[in-house]
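The structure appears right after this line, and notes come after that.
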Amino acid sequence: MRIRVQPEPFDYGAEAGAFAHGAQGAGAVVSFAGIVRDRPGGGLMRLEIEHYPGMTEKALAAMADTARDRWNLTDAMILHRHGAMAPGEAIMMVATAAPHRADAFAAAEFLMDYLKSCAPFWKKEITAEGADWVAATEADEDALSRW
Amino acid sequence: MRIRVQPEPFDYGAEAGAFAHGAQGAGAVVSFAGIVRDRPGGGLMRLEIEHYPGMTEKALAAMADTARDRWNLTDAMILHRHGAMAPGEAIMMVATAAPHRADAFAAAEFLMDYLKSCAPFWKKEITAEGADWVAATEADEDALSRW
Amino acid sequence: MKLTILYFAWLRERIGQPRETLETGATTVADLVEELRAREERYALAFSDLRAVRVALDQELADFDAPLDGVREVAFFPPMTGG
Amino acid sequence: MKLTILYFAWLRERIGQPRETLETGATTVADLVEELRAREERYALAFSDLRAVRVALDQELADFDAPLDGVREVAFFPPMTGG
């Protein structure tokens, strides 16, 4: 199980490939990448992510532990950036490996739902007009109730 | 939308990375890889996959079309090998890109469920003792009922 | 009516060939299966349990009661196991 | 009791600092929030709608009625938006 929190860009393909390559005994690997999207009307110059050093790593490790308790996984990883990033760049990724695909998919979705609402990251969108903190959506908090 | 059916090995990381890189306007990318797993008792020398050329490509394209009708996707890909492959090698992958993660996850799981039961591929396991056709599982056919 | 018939996986192995062409008057898949079963033991064996057999007509999945009208290619195979 | 208090995102911006230390007799998070609100307008503003505020005690999510016994670090922040 690997948890990484870093300001540097990462290469989603290289990370997903290395994860799959190291997944001994897995029949199924699921990878998810979150990408910086432009705003609906355009104009996003960059995204800035603030986080809570110390709590972030603990929260992510706790989620990964819970996922490994609940599903039959051979491995899991979570990688999340903080700091400034441009539209099109990868913000974060999770990957799960399991003997069977149902476990790999469920655990990846669980990690994403918890990461969205329970890991201390905050996004700010910077445009030519200024900076706006991204509001949490009810859909994201509601997503937790299914687990 | 890209469909590929080929005997050659492929690099999951490179394919997933190129897919994510080309996913204009997506906020979420989900990739799945199926990996050749050894048998529970060990001893798998290789897996051989037979398919139905012509029907295979049509069936995969039809599934991808259905996925794009049902979910808000910006892109989707399916890559499946046939012929001989060794334990640990990737058999196939699907990838989906969407503005939001729920669509990307649902479409990837839908593609996998349909691919398992509706695309004309058959797996044969080769061990020192001989060759066995892999039996379809009821769980796989049952998985279709959720869509 | 002249049909191309394809067999895959263990159906191919039991019947001993991947394809054949057949002149038939069968009007449905089920009729065609009866005709094949009556030909030789290897066909009777391959088609002994139809719950384990799937069929495609011109490369689309179909049922055993589907008509053969206008069909050119019939394929028989076990439940699929890709992915 | 001496507490380190951390603020993140727009709470940090409204309060104008990322952290401070405070000597307090507050026994719960809610008490502490009342004490902060009473200090200055910027705190009152930051804590005007607690539905938009989350709290962590020693880096674990907690409720506003949680006791502060033995706690060393309290963090206030808006709902999280990672992923």
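Naming scheme: A, B, ... for chains in displayed order of the structure tokens; residues 1 onward per chain; ligands 1 onward as shown.
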
Run DSSP on the backbone and grab whatever in chain C lands in alpha helix (DSSP H); send it over as a PyMOL selection string. chain C and resi 9-15+29-39+41-46

If you count only C-alpha atoms, which residues fall within 10 Å of D:Arg37, apart from same-chain ones fewer than 6 positions away, as a CSV table (one decimal) with C-alpha atoms, in the first residue's frame?
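Wrote it out as result_13.csv, contents follow:
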chain,number,residue,atom,x,y,z
D,31,ASP,CA,-17.0,26.6,23.6
D,43,TYR,CA,-13.5,35.5,13.8
D,44,ALA,CA,-17.2,36.2,14.1
D,45,LEU,CA,-17.3,36.4,10.3
D,46,ALA,CA,-15.3,33.2,9.8
D,47,PHE,CA,-17.5,31.3,12.2
D,48,SER,CA,-20.8,32.9,11.2

Within 8 Å of chain A, which residues of chain B show up when using only C-alpha atoms, listed as a list in words? Asp11, Tyr12, Gly13, Ala14, Glu15, Ala16, Gly17, Ala18, Ala20, His21, Gln24, Gly25, Ala26, Gly27, Ala28, Val29, Val30, Ser31, Phe32, Ala33, Gly34, Ile35, Val36, Arg37, Asp38, Gly88, Pro99, Phe105 and Glu109 of chain B

Fit chain D to chain C, using all C-alpha atoms paired in sequence order for the least-squares superposition, and then show me the result as an mmCIF file with C-alpha atoms, in the first residue's frame.
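Result written to superposed15.cif:
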data_model
loop_
_atom_site.group_PDB
_atom_site.id
_atom_site.type_symbol
_atom_site.label_atom_id
_atom_site.label_comp_id
_atom_site.auth_asym_id
_atom_site.auth_seq_id
_atom_site.Cartn_x
_atom_site.Cartn_y
_atom_site.Cartn_z
ATOM 1 C CA MET D 1 -30.037 -22.256 -48.692
ATOM 2 C CA LYS D 2 -26.267 -22.342 -48.334
ATOM 3 C CA LEU D 3 -24.866 -21.512 -44.886
ATOM 4 C CA THR D 4 -21.364 -21.073 -43.556
ATOM 5 C CA ILE D 5 -21.198 -22.632 -40.110
ATOM 6 C CA LEU D 6 -18.442 -21.711 -37.652
ATOM 7 C CA TYR D 7 -17.478 -23.492 -34.435
ATOM 8 C CA PHE D 8 -15.370 -22.054 -31.622
ATOM 9 C CA ALA D 9 -13.581 -23.301 -28.505
ATOM 10 C CA TRP D 10 -14.617 -26.770 -27.323
ATOM 11 C CA LEU D 11 -17.398 -26.978 -29.939
ATOM 12 C CA ARG D 12 -14.731 -26.602 -32.607
ATOM 13 C CA GLU D 13 -12.613 -29.259 -30.920
ATOM 14 C CA ARG D 14 -15.465 -31.764 -30.533
ATOM 15 C CA ILE D 15 -16.683 -31.309 -34.078
ATOM 16 C CA GLY D 16 -13.116 -31.387 -35.358
ATOM 17 C CA GLN D 17 -13.240 -28.404 -37.699
ATOM 18 C CA PRO D 18 -13.541 -24.635 -37.407
ATOM 19 C CA ARG D 19 -15.968 -24.146 -40.304
ATOM 20 C CA GLU D 20 -17.988 -25.845 -42.978
ATOM 21 C CA THR D 21 -20.551 -24.908 -45.584
ATOM 22 C CA LEU D 22 -23.901 -26.632 -45.645
ATOM 23 C CA GLU D 23 -26.854 -26.740 -48.001
ATOM 24 C CA THR D 24 -29.914 -26.880 -45.752
ATOM 25 C CA GLY D 25 -33.667 -26.403 -45.651
ATOM 26 C CA ALA D 26 -33.679 -25.649 -41.913
ATOM 27 C CA THR D 27 -35.826 -22.619 -41.083
ATOM 28 C CA THR D 28 -34.629 -21.931 -37.529
ATOM 29 C CA VAL D 29 -31.431 -22.402 -35.561
ATOM 30 C CA ALA D 30 -33.107 -25.225 -33.627
ATOM 31 C CA ASP D 31 -33.934 -27.025 -36.914
ATOM 32 C CA LEU D 32 -30.343 -26.646 -38.024
ATOM 33 C CA VAL D 33 -29.075 -28.076 -34.748
ATOM 34 C CA GLU D 34 -31.388 -31.104 -35.173
ATOM 35 C CA GLU D 35 -30.048 -31.638 -38.671
ATOM 36 C CA LEU D 36 -26.440 -31.468 -37.454
ATOM 37 C CA ARG D 37 -27.083 -33.773 -34.496
ATOM 38 C CA ALA D 38 -28.520 -36.376 -36.833
ATOM 39 C CA ARG D 39 -25.433 -36.363 -39.066
ATOM 40 C CA GLU D 40 -22.726 -37.872 -36.914
ATOM 41 C CA GLU D 41 -21.893 -38.789 -33.354
ATOM 42 C CA ARG D 42 -19.412 -35.880 -32.963
ATOM 43 C CA TYR D 43 -22.198 -33.388 -33.724
ATOM 44 C CA ALA D 44 -24.628 -35.158 -31.384
ATOM 45 C CA LEU D 45 -21.991 -34.939 -28.665
ATOM 46 C CA ALA D 46 -21.163 -31.285 -29.301
ATOM 47 C CA PHE D 47 -24.849 -30.312 -29.195
ATOM 48 C CA SER D 48 -25.882 -32.663 -26.382
ATOM 49 C CA ASP D 49 -26.564 -29.847 -23.903
ATOM 50 C CA LEU D 50 -27.802 -26.677 -25.575
ATOM 51 C CA ARG D 51 -27.685 -24.759 -22.280
ATOM 52 C CA ALA D 52 -23.918 -24.737 -22.804
ATOM 53 C CA VAL D 53 -24.135 -23.508 -26.400
ATOM 54 C CA ARG D 54 -24.554 -19.964 -27.721
ATOM 55 C CA VAL D 55 -25.320 -18.990 -31.297
ATOM 56 C CA ALA D 56 -24.650 -15.942 -33.454
ATOM 57 C CA LEU D 57 -26.328 -15.214 -36.805
ATOM 58 C CA ASP D 58 -24.247 -13.074 -39.121
ATOM 59 C CA GLN D 59 -22.117 -12.111 -36.100
ATOM 60 C CA GLU D 60 -24.971 -11.059 -33.803
ATOM 61 C CA LEU D 61 -25.997 -13.099 -30.752
ATOM 62 C CA ALA D 62 -29.324 -14.871 -31.353
ATOM 63 C CA ASP D 63 -31.690 -17.422 -29.807
ATOM 64 C CA PHE D 64 -32.228 -21.016 -30.892
ATOM 65 C CA ASP D 65 -35.709 -20.192 -32.153
ATOM 66 C CA ALA D 66 -34.399 -17.404 -34.426
ATOM 67 C CA PRO D 67 -35.273 -17.826 -38.144
ATOM 68 C CA LEU D 68 -32.493 -18.441 -40.650
ATOM 69 C CA ASP D 69 -34.123 -16.360 -43.413
ATOM 70 C CA GLY D 70 -31.440 -14.415 -45.246
ATOM 71 C CA VAL D 71 -28.705 -15.552 -42.848
ATOM 72 C CA ARG D 72 -25.324 -16.408 -44.358
ATOM 73 C CA GLU D 73 -23.116 -17.201 -41.365
ATOM 74 C CA VAL D 74 -24.100 -19.215 -38.285
ATOM 75 C CA ALA D 75 -21.626 -19.575 -35.396
ATOM 76 C CA PHE D 76 -21.878 -21.978 -32.451
ATOM 77 C CA PHE D 77 -19.754 -21.567 -29.345
ATOM 78 C CA PRO D 78 -19.739 -21.984 -25.559
ATOM 79 C CA PRO D 79 -20.567 -19.124 -23.161
ATOM 80 C CA MET D 80 -17.962 -16.408 -23.571
ATOM 81 C CA THR D 81 -15.093 -16.007 -21.137
ATOM 82 C CA GLY D 82 -13.191 -12.900 -22.215
ATOM 83 C CA GLY D 83 -12.125 -9.992 -20.074
#

Suppose you want the space between atom CA of B:Ala84 and atom CA of B:Ala67; what is it in Å?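 These atoms are spaced 29.1 Å apart.
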
Chain A contacts to chain D at 6 Å (only C-alpha atoms) as a CSV table (one decimal) with all heavy atoms, in the first residue's frame:
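Result file iface.csv:
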chain,number,residue,atom,x,y,z
A,55,MET,N,-2.2,15.6,8.8
A,55,MET,CA,-3.5,15.0,8.7
A,55,MET,C,-3.8,14.3,7.4
A,55,MET,O,-4.4,13.2,7.3
A,55,MET,CB,-4.6,16.0,9.0
A,55,MET,CG,-6.0,15.3,9.0
A,55,MET,SD,-7.4,16.4,9.5
A,55,MET,CE,-8.8,15.5,8.9
A,116,LYS,N,-12.8,12.5,-1.6
A,116,LYS,CA,-13.5,13.7,-1.9
A,116,LYS,C,-14.0,14.5,-0.7
A,116,LYS,O,-13.9,15.7,-0.6
A,116,LYS,CB,-14.7,13.4,-2.8
A,116,LYS,CG,-14.3,13.1,-4.2
A,116,LYS,CD,-14.5,14.4,-5.1
A,116,LYS,CE,-13.9,14.1,-6.5
A,116,LYS,NZ,-13.8,15.4,-7.2
A,117,SER,N,-14.5,13.7,0.3
A,117,SER,CA,-15.2,14.4,1.4
A,117,SER,C,-14.4,14.3,2.7
A,117,SER,O,-14.8,15.0,3.7
A,117,SER,CB,-16.6,13.8,1.6
A,117,SER,OG,-17.3,14.1,0.4
A,120,PRO,N,-8.2,16.1,3.9
A,120,PRO,CA,-8.1,17.6,4.0
A,120,PRO,C,-7.4,18.3,2.8
A,120,PRO,O,-6.3,18.7,3.0
A,120,PRO,CB,-7.4,17.8,5.3
A,120,PRO,CG,-6.6,16.6,5.5
A,120,PRO,CD,-7.4,15.5,4.8
A,121,PHE,N,-8.1,18.4,1.7
A,121,PHE,CA,-7.6,19.1,0.6
A,121,PHE,C,-8.7,20.2,0.2
A,121,PHE,O,-9.9,19.9,0.3
A,121,PHE,CB,-7.5,18.2,-0.7
A,121,PHE,CG,-6.4,17.2,-0.6
A,121,PHE,CD1,-6.7,15.9,-0.2
A,121,PHE,CD2,-5.0,17.6,-0.8
A,121,PHE,CE1,-5.7,14.9,-0.2
A,121,PHE,CE2,-4.0,16.6,-0.7
A,121,PHE,CZ,-4.3,15.3,-0.4
A,122,TRP,N,-8.2,21.3,-0.2
A,122,TRP,CA,-9.2,22.4,-0.7
A,122,TRP,C,-8.7,23.0,-2.0
A,122,TRP,O,-7.5,23.4,-2.1
A,122,TRP,CB,-9.3,23.5,0.4
A,122,TRP,CG,-9.8,22.9,1.7
A,122,TRP,CD1,-11.1,22.7,2.0
A,122,TRP,CD2,-8.9,22.4,2.8
A,122,TRP,NE1,-11.1,22.1,3.3
A,122,TRP,CE2,-9.8,21.9,3.7
A,122,TRP,CE3,-7.6,22.4,3.0
A,122,TRP,CZ2,-9.4,21.3,4.9
A,122,TRP,CZ3,-7.1,21.8,4.2
A,122,TRP,CH2,-8.0,21.3,5.1
A,123,LYS,N,-9.6,23.1,-2.9
A,123,LYS,CA,-9.3,23.6,-4.3
A,123,LYS,C,-9.7,25.0,-4.4
A,123,LYS,O,-10.8,25.4,-4.1
A,123,LYS,CB,-10.0,22.8,-5.3
A,123,LYS,CG,-9.6,21.3,-5.5
A,123,LYS,CD,-10.2,20.8,-6.8
A,123,LYS,CE,-9.9,19.3,-7.0
A,123,LYS,NZ,-11.1,18.5,-6.9
A,136,ALA,N,-17.8,22.5,-1.9
A,136,ALA,CA,-18.1,21.1,-1.8
A,136,ALA,C,-19.5,20.8,-2.4
A,136,ALA,O,-20.4,21.7,-2.2
A,136,ALA,CB,-18.0,20.6,-0.4

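Take atom CA of A:His80 and atom CA of B:Met77: the distance between them is 25.2 Å.
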